file target.cif (mmCIF, C-alpha atoms)
data_final
#
loop_
_atom_site.group_PDB
_atom_site.id
_atom_site.type_symbol
_atom_site.label_atom_id
_atom_site.label_comp_id
_atom_site.auth_asym_id
_atom_site.auth_seq_id
_atom_site.Cartn_x
_atom_site.Cartn_y
_atom_site.Cartn_z
ATOM 1 C CA PRO D 14 -5.371 26.014 2.153
ATOM 2 C CA VAL D 15 -6.972 23.805 4.788
ATOM 3 C CA CYS D 16 -4.780 21.668 7.046
ATOM 4 C CA LEU D 17 -6.372 18.359 8.080
ATOM 5 C CA SER D 18 -5.151 15.259 9.849
ATOM 6 C CA VAL D 19 -5.980 12.423 7.447
ATOM 7 C CA CYS D 20 -5.108 8.812 6.714
ATOM 8 C CA LEU D 21 -3.648 8.119 3.266
ATOM 9 C CA SER D 22 -4.403 4.674 1.853
ATOM 10 C CA VAL D 23 -2.536 3.517 -1.267
ATOM 11 C CA SER D 24 -3.682 0.430 -3.177
ATOM 12 C CA SER D 25 -2.737 -1.074 -6.526
ATOM 13 C CA GLN D 26 -5.611 0.794 -8.222
ATOM 14 C CA SER D 27 -6.226 4.019 -6.303
ATOM 15 C CA VAL D 28 -5.082 6.589 -3.770
ATOM 16 C CA CYS D 29 -7.598 7.349 -1.024
ATOM 17 C CA TRP D 30 -7.541 9.669 1.941
ATOM 18 C CA PHE D 31 -10.088 10.191 4.713
ATOM 19 C CA MET D 32 -10.306 12.200 7.909
ATOM 20 C CA PHE D 33 -9.702 10.606 11.279
ATOM 21 C CA ALA D 34 -12.458 12.667 12.894
ATOM 22 C CA ASP D 35 -15.079 11.983 10.208
ATOM 23 C CA ASP D 36 -14.447 9.124 7.754
ATOM 24 C CA SER D 37 -17.411 10.270 5.640
ATOM 25 C CA ILE D 38 -15.146 13.065 4.359
ATOM 26 C CA LYS D 39 -12.844 11.309 1.936
ATOM 27 C CA PHE D 40 -11.469 11.411 -1.598
ATOM 28 C CA ILE D 41 -10.701 8.443 -3.865
ATOM 29 C CA ASN D 42 -8.671 8.868 -7.039
ATOM 30 C CA GLU D 43 -8.158 5.864 -9.306
ATOM 31 C CA VAL D 44 -4.723 5.586 -10.849
ATOM 32 C CA SER D 45 -6.381 4.964 -14.220
ATOM 33 C CA ASN D 46 -7.896 8.464 -14.103
ATOM 34 C CA GLY D 47 -4.403 9.883 -14.280
ATOM 35 C CA PHE D 48 -2.713 12.292 -11.915
ATOM 36 C CA SER D 49 0.604 14.051 -11.461
ATOM 37 C CA LEU D 50 2.936 13.573 -8.525
ATOM 38 C CA MET D 51 5.565 16.008 -7.303
ATOM 39 C CA ILE D 52 7.814 16.176 -4.263
ATOM 40 C CA ARG D 53 8.475 19.721 -3.172
ATOM 41 C CA SER D 54 9.359 21.606 -0.038
ATOM 42 C CA GLN D 55 6.631 23.474 1.786
ATOM 43 C CA LYS D 56 6.530 25.647 4.891
ATOM 44 C CA LEU D 57 3.021 25.009 6.191
ATOM 45 C CA ARG D 58 4.353 22.512 8.719
ATOM 46 C CA GLY D 59 7.867 23.901 8.793
ATOM 47 C CA GLN D 60 10.568 23.286 6.214
ATOM 48 C CA THR D 61 9.682 19.735 5.143
ATOM 49 C CA GLU D 62 9.112 17.705 1.990
ATOM 50 C CA ALA D 63 5.536 17.244 0.795
ATOM 51 C CA LEU D 64 3.760 15.040 -1.728
ATOM 52 C CA TYR D 65 1.693 17.050 -4.232
ATOM 53 C CA LEU D 66 -1.121 15.135 -5.968
ATOM 54 C CA LEU D 67 -2.686 16.923 -8.938
ATOM 55 C CA THR D 68 -5.764 15.363 -10.527
ATOM 56 C CA LYS D 69 -8.908 16.216 -12.476
ATOM 57 C CA CYS D 70 -12.483 15.021 -12.057
ATOM 58 C CA ASN D 71 -15.528 16.220 -14.044
ATOM 59 C CA ASN D 72 -13.537 19.126 -15.524
ATOM 60 C CA THR D 73 -12.577 20.248 -12.014
ATOM 61 C CA ARG D 74 -8.930 20.309 -11.013
ATOM 62 C CA PHE D 75 -7.837 19.277 -7.541
ATOM 63 C CA GLU D 76 -4.537 19.693 -5.757
ATOM 64 C CA PHE D 77 -3.730 17.830 -2.549
ATOM 65 C CA VAL D 78 -0.624 18.254 -0.434
ATOM 66 C CA PHE D 79 0.429 15.524 1.994
ATOM 67 C CA THR D 80 3.165 15.690 4.613
ATOM 68 C CA ASN D 81 4.301 12.909 6.884
ATOM 69 C CA LEU D 82 3.835 13.284 10.627
ATOM 70 C CA VAL D 83 6.995 11.236 11.087
ATOM 71 C CA ALA D 84 9.791 13.653 10.301
ATOM 72 C CA GLY D 85 12.353 12.363 7.824
ATOM 73 C CA SER D 86 10.380 9.233 6.910
ATOM 74 C CA PRO D 87 10.435 8.575 3.116
ATOM 75 C CA ARG D 88 7.662 5.964 3.253
ATOM 76 C CA LEU D 89 4.941 8.377 2.103
ATOM 77 C CA PHE D 90 6.805 9.209 -1.098
ATOM 78 C CA SER D 91 8.359 5.808 -1.862
ATOM 79 C CA SER D 92 5.066 3.903 -1.444
ATOM 80 C CA VAL D 93 3.020 6.151 -3.748
ATOM 81 C CA LEU D 94 5.736 6.450 -6.395
ATOM 82 C CA ALA D 95 6.345 2.683 -6.413
ATOM 83 C CA ILE D 96 2.633 1.936 -6.896
ATOM 84 C CA VAL D 97 2.291 4.444 -9.743
ATOM 85 C CA LYS D 98 5.429 3.117 -11.443
ATOM 86 C CA ALA D 99 4.169 -0.471 -11.194
ATOM 87 C CA TYR D 100 0.768 0.576 -12.581
ATOM 88 C CA GLU D 101 2.259 2.427 -15.552
ATOM 89 C CA SER D 102 4.652 -0.402 -16.430
ATOM 90 C CA SER D 103 1.902 -3.055 -16.446
ATOM 91 C CA LYS D 104 -0.627 -1.445 -18.795
ATOM 92 C CA MET D 105 -0.218 -4.175 -21.424
ATOM 93 C CA TYR D 106 -1.789 -6.643 -18.992
ATOM 94 C CA ARG D 107 -4.954 -4.528 -18.733
ATOM 95 C CA GLU D 108 -5.408 -2.333 -21.809
ATOM 96 C CA LEU D 109 -6.374 -3.275 -25.356
ATOM 97 C CA LYS D 110 -3.597 -2.149 -27.693
ATOM 98 C CA LEU D 111 -3.860 -1.558 -31.462
ATOM 99 C CA ARG D 112 -0.867 -1.011 -33.729
ATOM 100 C CA GLY D 113 1.725 -1.279 -30.990
ATOM 101 C CA ALA D 114 5.335 -2.469 -30.886
ATOM 102 C CA LEU D 115 4.410 -6.035 -30.047
ATOM 103 C CA LEU D 116 6.925 -8.020 -32.079
ATOM 104 C CA GLN D 117 10.656 -8.193 -32.492
ATOM 105 C CA ASN D 118 12.291 -10.258 -35.254
ATOM 106 C CA LYS D 119 8.862 -11.777 -36.036
ATOM 107 C CA GLN D 120 8.588 -13.047 -32.474
ATOM 108 C CA LEU D 121 6.171 -11.861 -29.805
ATOM 109 C CA ARG D 122 7.804 -9.702 -27.153
ATOM 110 C CA LEU D 123 6.757 -11.521 -24.023
ATOM 111 C CA LEU D 124 5.749 -9.679 -20.901
ATOM 112 C CA PRO D 125 7.027 -10.759 -17.479
ATOM 113 C CA GLN D 126 5.154 -13.886 -16.306
ATOM 114 C CA GLU D 127 3.707 -14.383 -19.818
ATOM 115 C CA GLN D 128 3.843 -17.746 -21.575
ATOM 116 C CA ILE D 129 2.884 -18.664 -25.162
ATOM 117 C CA TYR D 130 0.469 -21.599 -25.356
ATOM 118 C CA SER D 131 -0.276 -21.642 -29.073
ATOM 119 C CA LYS D 132 0.846 -20.021 -32.299
ATOM 120 C CA ILE D 133 -1.724 -20.265 -35.091
ATOM 121 C CA GLU D 134 -0.822 -19.198 -38.605
ATOM 122 C CA GLY D 135 -3.226 -18.470 -41.431
ATOM 123 C CA VAL D 136 -5.601 -16.277 -39.394
ATOM 124 C CA TRP D 137 -7.573 -13.702 -41.387
ATOM 125 C CA ASN D 138 -8.488 -10.390 -39.786
ATOM 126 C CA LEU D 139 -11.957 -9.403 -41.034
ATOM 127 C CA SER D 140 -11.723 -5.692 -40.245
ATOM 128 C CA SER D 141 -11.577 -4.846 -43.956
ATOM 129 C CA ASP D 142 -13.547 -6.143 -46.957
ATOM 130 C CA GLN D 143 -10.660 -8.165 -48.340
ATOM 131 C CA GLY D 144 -9.194 -9.277 -45.005
ATOM 132 C CA ASN D 145 -5.593 -9.417 -43.835
ATOM 133 C CA LEU D 146 -3.693 -12.656 -43.396
ATOM 134 C CA GLY D 147 -1.811 -12.936 -40.143
ATOM 135 C CA THR D 148 -0.825 -14.994 -37.114
ATOM 136 C CA PHE D 149 -2.345 -15.634 -33.677
ATOM 137 C CA PHE D 150 -0.340 -15.812 -30.442
ATOM 138 C CA ILE D 151 -2.392 -17.262 -27.592
ATOM 139 C CA THR D 152 -0.767 -16.702 -24.179
ATOM 140 C CA ASN D 153 -1.825 -16.927 -20.548
ATOM 141 C CA VAL D 154 -2.361 -13.138 -20.455
ATOM 142 C CA ARG D 155 -3.717 -12.029 -23.832
ATOM 143 C CA LEU D 156 -4.582 -12.796 -27.429
ATOM 144 C CA VAL D 157 -2.271 -11.212 -30.009
ATOM 145 C CA TRP D 158 -2.766 -11.006 -33.787
ATOM 146 C CA HIS D 159 -0.463 -9.406 -36.335
ATOM 147 C CA ALA D 160 -0.470 -9.168 -40.111
ATOM 148 C CA ASN D 161 2.201 -11.168 -41.884
ATOM 149 C CA MET D 162 2.911 -8.429 -44.448
ATOM 150 C CA ASN D 163 2.945 -5.572 -41.938
ATOM 151 C CA GLU D 164 3.845 -6.419 -38.336
ATOM 152 C CA SER D 165 2.853 -2.945 -37.124
ATOM 153 C CA PHE D 166 -0.755 -3.786 -38.048
ATOM 154 C CA ASN D 167 -1.586 -5.778 -34.931
ATOM 155 C CA ALA D 168 -3.842 -6.080 -31.917
ATOM 156 C CA SER D 169 -3.209 -7.101 -28.311
ATOM 157 C CA ILE D 170 -6.375 -8.109 -26.439
ATOM 158 C CA PRO D 171 -5.882 -8.882 -22.726
ATOM 159 C CA TYR D 172 -8.222 -11.423 -21.173
ATOM 160 C CA LEU D 173 -9.049 -8.752 -18.605
ATOM 161 C CA GLN D 174 -10.818 -6.728 -21.324
ATOM 162 C CA MET D 175 -12.560 -9.627 -23.080
ATOM 163 C CA LYS D 176 -16.313 -9.596 -22.746
ATOM 164 C CA SER D 177 -17.015 -12.657 -24.892
ATOM 165 C CA VAL D 178 -15.330 -15.053 -27.324
ATOM 166 C CA ARG D 179 -17.579 -17.060 -29.645
ATOM 167 C CA ILE D 180 -18.158 -18.257 -33.201
ATOM 168 C CA ARG D 181 -20.549 -16.200 -35.339
ATOM 169 C CA ASP D 182 -21.627 -16.154 -38.962
ATOM 170 C CA SER D 183 -20.228 -13.434 -41.190
ATOM 171 C CA LYS D 184 -20.078 -12.692 -44.906
ATOM 172 C CA PHE D 185 -16.793 -14.588 -44.877
ATOM 173 C CA GLY D 186 -18.358 -17.652 -43.224
ATOM 174 C CA HIS D 187 -17.882 -18.796 -39.646
ATOM 175 C CA ALA D 188 -15.621 -16.406 -37.748
ATOM 176 C CA LEU D 189 -14.059 -16.112 -34.311
ATOM 177 C CA VAL D 190 -15.505 -12.946 -32.771
ATOM 178 C CA VAL D 191 -13.888 -11.228 -29.770
ATOM 179 C CA GLU D 192 -15.950 -8.540 -28.067
ATOM 180 C CA SER D 193 -14.107 -6.239 -25.689
ATOM 181 C CA SER D 194 -15.500 -4.461 -22.643
ATOM 182 C CA GLN D 195 -16.964 -0.982 -22.793
ATOM 183 C CA GLN D 196 -14.084 0.275 -20.688
ATOM 184 C CA SER D 197 -11.664 -0.640 -23.487
ATOM 185 C CA GLY D 198 -13.847 0.865 -26.228
ATOM 186 C CA GLY D 199 -16.367 -1.898 -26.944
ATOM 187 C CA TYR D 200 -14.517 -3.255 -29.979
ATOM 188 C CA VAL D 201 -15.836 -6.232 -31.962
ATOM 189 C CA LEU D 202 -12.948 -7.992 -33.724
ATOM 190 C CA GLY D 203 -13.526 -10.828 -36.187
ATOM 191 C CA PHE D 204 -11.044 -13.480 -37.317
ATOM 192 C CA ARG D 205 -11.372 -16.396 -39.705
ATOM 193 C CA ILE D 206 -9.478 -19.650 -39.303
ATOM 194 C CA ASP D 207 -9.643 -22.559 -41.749
ATOM 195 C CA PRO D 208 -10.622 -25.356 -41.445
ATOM 196 C CA SER D 209 -13.592 -25.135 -39.069
ATOM 197 C CA GLU D 210 -12.128 -27.797 -36.725
ATOM 198 C CA LYS D 211 -9.088 -25.598 -36.199
ATOM 199 C CA LEU D 212 -11.400 -22.637 -35.550
ATOM 200 C CA LYS D 213 -13.323 -24.536 -32.869
ATOM 201 C CA GLU D 214 -10.110 -25.650 -31.172
ATOM 202 C CA ALA D 215 -8.817 -22.066 -31.068
ATOM 203 C CA VAL D 216 -12.088 -20.753 -29.616
ATOM 204 C CA LYS D 217 -12.160 -23.471 -26.964
ATOM 205 C CA GLU D 218 -8.549 -22.775 -25.983
ATOM 206 C CA ILE D 219 -9.116 -19.028 -25.699
ATOM 207 C CA GLN D 220 -12.287 -19.506 -23.649
ATOM 208 C CA THR D 221 -10.480 -21.910 -21.310
ATOM 209 C CA LEU D 222 -7.534 -19.563 -20.789
ATOM 210 C CA HIS D 223 -9.968 -16.706 -20.258
ATOM 211 C CA LYS D 224 -11.648 -18.642 -17.435
ATOM 212 C CA VAL D 225 -8.281 -19.533 -15.902
ATOM 213 C CA PHE D 226 -7.193 -15.886 -16.031
ATOM 214 C CA THR D 227 -10.460 -14.752 -14.451
ATOM 215 C CA ALA D 228 -9.970 -17.181 -11.563
ATOM 216 C CA SER D 229 -6.285 -16.332 -11.115
ATOM 217 C CA PRO D 230 -5.406 -13.086 -12.911
ATOM 218 C CA VAL D 231 -1.881 -12.023 -13.783
ATOM 219 C CA PHE D 232 -1.422 -8.257 -13.452
ATOM 220 C CA GLY D 233 2.324 -8.144 -14.073
ATOM 221 C CA VAL D 234 3.231 -6.724 -10.682
ATOM 222 C CA GLN D 235 5.643 -8.771 -8.632
ATOM 223 C CA PHE D 236 6.014 -8.037 -4.953
ATOM 224 C CA GLU D 237 7.307 -9.548 -1.759
ATOM 225 C CA GLN D 238 5.223 -9.270 1.352
ATOM 226 C CA GLU D 239 7.249 -8.027 4.255
ATOM 227 C CA ASP D 240 6.791 -9.302 7.746
ATOM 228 C CA GLU D 241 4.361 -7.243 9.749
ATOM 229 C CA PRO D 242 6.084 -5.030 12.319
ATOM 230 C CA GLN D 243 5.902 -6.234 15.874
ATOM 231 C CA PRO D 244 3.399 -4.518 18.153
ATOM 232 C CA VAL D 245 4.732 -1.873 20.483
ATOM 233 C CA GLU D 246 3.806 -4.035 23.457
ATOM 234 C CA GLU D 247 6.071 -6.835 22.230
ATOM 235 C CA LEU D 248 8.913 -4.476 21.442
ATOM 236 C CA ALA D 249 8.644 -2.848 24.859
ATOM 237 C CA GLY D 250 8.634 -6.201 26.661
ATOM 238 C CA SER D 251 7.954 -6.716 30.326
ATOM 239 C CA LEU D 252 9.592 -4.576 32.959
ATOM 240 C CA VAL D 253 12.502 -6.295 34.685
ATOM 241 C CA GLU D 254 13.391 -5.122 38.142
ATOM 242 C CA ASP D 255 17.069 -4.700 38.844
ATOM 243 C CA ASP D 256 18.472 -6.896 41.555
ATOM 244 C CA VAL D 257 19.611 -3.992 43.717
ATOM 245 C CA GLU D 258 19.384 -3.822 47.461
ATOM 246 C CA VAL D 259 18.547 -0.351 48.748
ATOM 247 C CA VAL D 260 20.417 0.370 51.957
ATOM 248 C CA SER D 261 19.345 3.327 54.079
ATOM 249 C CA GLU D 262 20.739 4.497 57.357
ATOM 250 C CA GLN D 263 18.226 3.653 60.009
ATOM 251 C CA LEU D 264 17.803 5.952 62.988
ATOM 252 C CA PRO D 265 17.846 4.377 66.375
ATOM 253 C CA SER D 266 14.154 5.056 66.666
ATOM 254 C CA ASP D 267 11.346 7.176 65.280
ATOM 255 C CA ALA D 268 11.980 10.910 65.770
ATOM 256 C CA PHE D 269 8.228 11.539 66.030
ATOM 257 C CA ALA D 270 8.164 9.557 69.228
ATOM 258 C CA VAL D 271 10.079 12.282 71.030
ATOM 259 C CA TYR D 272 7.196 14.705 70.534
ATOM 260 C CA PHE D 273 4.480 12.300 71.639
ATOM 261 C CA ALA D 274 3.086 12.544 75.152
ATOM 262 C CA ASP D 275 4.626 9.867 77.354
ATOM 263 C CA ARG D 276 1.758 8.158 79.106
ATOM 264 C CA ASN D 277 4.107 6.422 81.499
ATOM 265 C CA LYS D 278 5.994 9.600 82.265
ATOM 266 C CA LYS D 279 5.586 10.542 85.919
ATOM 267 C CA CYS D 280 7.862 13.584 86.075
ATOM 268 C CA ASP D 281 10.048 15.757 83.852
ATOM 269 C CA ARG D 282 13.580 14.741 83.231
ATOM 270 C CA GLU D 283 16.307 16.835 84.724
ATOM 271 C CA PRO D 284 17.455 19.849 82.714
ATOM 272 C CA VAL D 285 20.869 19.780 81.079
ATOM 273 C CA PHE D 286 22.874 22.390 79.190
ATOM 274 C CA SER D 287 22.954 22.055 75.414
ATOM 275 C CA PRO D 288 26.134 23.465 73.886
ATOM 276 C CA GLU D 289 24.535 23.448 70.408
ATOM 277 C CA LEU D 290 21.644 25.677 71.501
ATOM 278 C CA GLY D 291 23.296 27.471 74.374
ATOM 279 C CA LEU D 292 20.250 26.723 76.476
ATOM 280 C CA ALA D 293 19.192 24.391 79.186
ATOM 281 C CA ILE D 294 16.898 21.689 77.847
ATOM 282 C CA GLU D 295 15.188 18.650 79.213
ATOM 283 C CA LYS D 296 17.415 15.663 78.962
ATOM 284 C CA LEU D 297 16.683 13.672 75.816
ATOM 285 C CA PRO D 298 15.483 10.081 76.016
ATOM 286 C CA GLU D 299 18.094 7.440 75.629
ATOM 287 C CA GLY D 300 19.048 6.792 71.987
ATOM 288 C CA PHE D 301 18.165 10.280 70.647
ATOM 289 C CA THR D 302 20.382 13.204 69.768
ATOM 290 C CA LEU D 303 19.563 16.854 69.259
ATOM 291 C CA ALA D 304 20.440 16.639 65.563
ATOM 292 C CA SER D 305 18.081 13.697 65.027
ATOM 293 C CA LEU D 306 15.116 15.784 66.176
ATOM 294 C CA TRP D 307 15.512 17.957 63.047
ATOM 295 C CA GLU D 308 15.496 14.961 60.691
ATOM 296 C CA VAL D 309 11.749 14.379 60.627
ATOM 297 C CA CYS D 310 10.921 12.879 57.202
#
call {"tool": "encode", "arguments": {"input": "target.cif", "output": "structure tokens"}}
result
Amino acid sequence: PVCLSVCLSVSSQSVCWFMFADDSIKFINEVSNGFSLMIRSQKLRGQTEALYLLTKCNNTRFEFVFTNLVAGSPRLFSSVLAIVKAYESSKMYRELKLRGALLQNKQLRLLPQEQIYSKIEGVWNLSSDQGNLGTFFITNVRLVWHANMNESFNASIPYLQMKSVRIRDSKFGHALVVESSQQSGGYVLGFRIDPSEKLKEAVKEIQTLHKVFTASPVFGVQFEQEDEPQPVEELAGSLVEDDVEVVSEQLPSDAFAVYFADRNKKCDREPVFSPELGLAIEKLPEGFTLASLWEVC
């Protein structure tokens, strides 16, 4: 294993890491590609919890282990797990679904933030030669059709995966044709609505809602933006000096002055006996003591 100091960036669509020393060395894994997450203990940086990311790209398996430099901080794990959970729970907003559990008691099971704009009955699905009679639900997120005789025979087409919606000729006459993106499989689904005026109104409504969704998409993920943390400079604040008066014992005069040559000195002072030294010394200048001569600082 190789231990690197990297920056881990987590977005709503991918997990990316890159090196601080060389940002050209990086790895980006889209959540849609699929990966496994585990939280285990590891000893590479001591006994600490680590985030294991297992993924696969071009038939090659990769395993990445991330530890947090801040000991005991759960942010690394909680952020990644929350993003993956939100991504998995909002697939119906992004993925084309066939034969899913879309209805309950003959009513569309609405997604969070989803609203029904129109319910059109008498819609024929032209996937088979004889057609299947069903019902349209047009919402602000997707177009849903289900067969009246068999509710499990249905289709949920998010606006995010719609490539085009138009009227085309078919062997059944004019039909509403929905073409999905290549990412969702490139399906071409045909529906017939009678009379033709009702067909045109449905196509116009779907095209309008598709444009509105493109300008302001609804991904089904609700979040609250937290206030940005204050900079360290603001948290530290300015230094405040304490209102304290420092009192020091002042010597009568500078001790160094005793050792300086006295320019005005005409003769030596008379010798006196020093009991502290047991010697005769020159008499000290006025204001000095023998002990103060040793306190040179």
call {"tool": "closest_residue", "arguments": {"input": "target.cif", "among": "D:Ser91, D:Gln174, D:Ser183, D:Thr152", "to": "Val23 of chain D", "atoms": "all atoms listed in the file"}}
result
D:Ser91
call {"tool": "residues_around", "arguments": {"input": "target.cif", "residues": "Ile133 of chain D", "least_positions_apart": "6", "cutoff": "7 Å", "atoms": "only C-alpha atoms", "output": "list of chain:residue names"}}
result
D:Thr148, D:Phe149, D:Phe150
call {"tool": "resolve_selection", "arguments": {"input": "target.cif", "expression": "the PyMOL selection byres ((chain D and resi 147) around 9)", "output": "PyMOL selection string"}}
result
chain D and resi 133-138+145-146+148-149+158-164+167
call {"tool": "write_last_selection", "arguments": {"input": "target.cif", "atoms": "C-alpha atoms", "output": "mmCIF file, keeping the file's coordinate frame"}}
result
data_model
loop_
_atom_site.group_PDB
_atom_site.id
_atom_site.type_symbol
_atom_site.label_atom_id
_atom_site.label_comp_id
_atom_site.auth_asym_id
_atom_site.auth_seq_id
_atom_site.Cartn_x
_atom_site.Cartn_y
_atom_site.Cartn_z
ATOM 1 C CA ILE D 133 -1.724 -20.265 -35.091
ATOM 2 C CA GLU D 134 -0.822 -19.198 -38.605
ATOM 3 C CA GLY D 135 -3.226 -18.470 -41.431
ATOM 4 C CA VAL D 136 -5.601 -16.277 -39.394
ATOM 5 C CA TRP D 137 -7.573 -13.702 -41.387
ATOM 6 C CA ASN D 138 -8.488 -10.390 -39.786
ATOM 7 C CA ASN D 145 -5.593 -9.417 -43.835
ATOM 8 C CA LEU D 146 -3.693 -12.656 -43.396
ATOM 9 C CA THR D 148 -0.825 -14.994 -37.114
ATOM 10 C CA PHE D 149 -2.345 -15.634 -33.677
ATOM 11 C CA TRP D 158 -2.766 -11.006 -33.787
ATOM 12 C CA HIS D 159 -0.463 -9.406 -36.335
ATOM 13 C CA ALA D 160 -0.470 -9.168 -40.111
ATOM 14 C CA ASN D 161 2.201 -11.168 -41.884
ATOM 15 C CA MET D 162 2.911 -8.429 -44.448
ATOM 16 C CA ASN D 163 2.945 -5.572 -41.938
ATOM 17 C CA GLU D 164 3.845 -6.419 -38.336
ATOM 18 C CA ASN D 167 -1.586 -5.778 -34.931
#
call {"tool": "closest_residue", "arguments": {"input": "target.cif", "among": "D:Ala228, D:Leu290, D:Ile129, D:Leu124", "to": "Ser103 of chain D", "atoms": "all atoms listed in the file"}}
result
D:Leu124
call {"tool": "atom_distance", "arguments": {"input": "target.cif", "atom1": "atom CA of Glu299 of chain D", "atom2": "atom CA of Val285 of chain D"}}
result
13.8 Å
call {"tool": "resolve_selection", "arguments": {"input": "target.cif", "expression": "the PyMOL selection byres ((chain D and resi 205-216) around 8)", "output": "list in words"}}
result
Gly135, Val136, Trp137, Asn138, Leu139, Val178, Arg179, Ile180, Phe185, Gly186, His187, Ala188, Leu189, Gly203, Phe204, Lys217, Glu218, Ile219 and Gln220 of chain D
call {"tool": "write_last_selection", "arguments": {"input": "target.cif", "atoms": "C-alpha atoms", "output": "JSON list (two decimals), keeping the file's coordinate frame"}}
result
[["chain", "number", "residue", "atom", "x", "y", "z"],
["D", 135, "GLY", "CA", -3.23, -18.47, -41.43],
["D", 136, "VAL", "CA", -5.60, -16.28, -39.39],
["D", 137, "TRP", "CA", -7.57, -13.70, -41.39],
["D", 138, "ASN", "CA", -8.49, -10.39, -39.79],
["D", 139, "LEU", "CA", -11.96, -9.40, -41.03],
["D", 178, "VAL", "CA", -15.33, -15.05, -27.32],
["D", 179, "ARG", "CA", -17.58, -17.06, -29.64],
["D", 180, "ILE", "CA", -18.16, -18.26, -33.20],
["D", 185, "PHE", "CA", -16.79, -14.59, -44.88],
["D", 186, "GLY", "CA", -18.36, -17.65, -43.22],
["D", 187, "HIS", "CA", -17.88, -18.80, -39.65],
["D", 188, "ALA", "CA", -15.62, -16.41, -37.75],
["D", 189, "LEU", "CA", -14.06, -16.11, -34.31],
["D", 203, "GLY", "CA", -13.53, -10.83, -36.19],
["D", 204, "PHE", "CA", -11.04, -13.48, -37.32],
["D", 217, "LYS", "CA", -12.16, -23.47, -26.96],
["D", 218, "GLU", "CA", -8.55, -22.78, -25.98],
["D", 219, "ILE", "CA", -9.12, -19.03, -25.70],
["D", 220, "GLN", "CA", -12.29, -19.51, -23.65]]
call {"tool": "closest_residue", "arguments": {"input": "target.cif", "among": "D:Val97, D:Phe166, D:Glu295, D:Lys132", "to": "Gly113 of chain D", "atoms": "all atoms listed in the file"}}
result
D:Phe166
call {"tool": "atom_distance", "arguments": {"input": "target.cif", "atom1": "atom CA of Gln195 of chain D", "atom2": "atom CA of Thr73 of chain D"}}
result
24.2 Å
call {"tool": "atom_distance", "arguments": {"input": "target.cif", "atom1": "atom CA of Ser165 of chain D", "atom2": "atom CA of Pro230 of chain D"}}
result
27.5 Å
call {"tool": "resolve_selection", "arguments": {"input": "target.cif", "expression": "the PyMOL selection byres ((chain D and resi 282-284) around 10)", "output": "CSV table (one decimal) with C-alpha atoms, in the coordinates of the input"}}
result
chain,number,residue,atom,x,y,z
D,278,LYS,CA,6.0,9.6,82.3
D,279,LYS,CA,5.6,10.5,85.9
D,280,CYS,CA,7.9,13.6,86.1
D,281,ASP,CA,10.0,15.8,83.9
D,285,VAL,CA,20.9,19.8,81.1
D,286,PHE,CA,22.9,22.4,79.2
D,287,SER,CA,23.0,22.1,75.4
D,292,LEU,CA,20.2,26.7,76.5
D,293,ALA,CA,19.2,24.4,79.2
D,294,ILE,CA,16.9,21.7,77.8
D,295,GLU,CA,15.2,18.6,79.2
D,296,LYS,CA,17.4,15.7,79.0
D,297,LEU,CA,16.7,13.7,75.8
D,298,PRO,CA,15.5,10.1,76.0
call {"tool": "closest_residue", "arguments": {"input": "target.cif", "among": "D:Thr221, D:Thr227, D:Ser131, D:Asn153", "to": "Leu173 of chain D", "atoms": "all atoms listed in the file"}}
result
D:Thr227
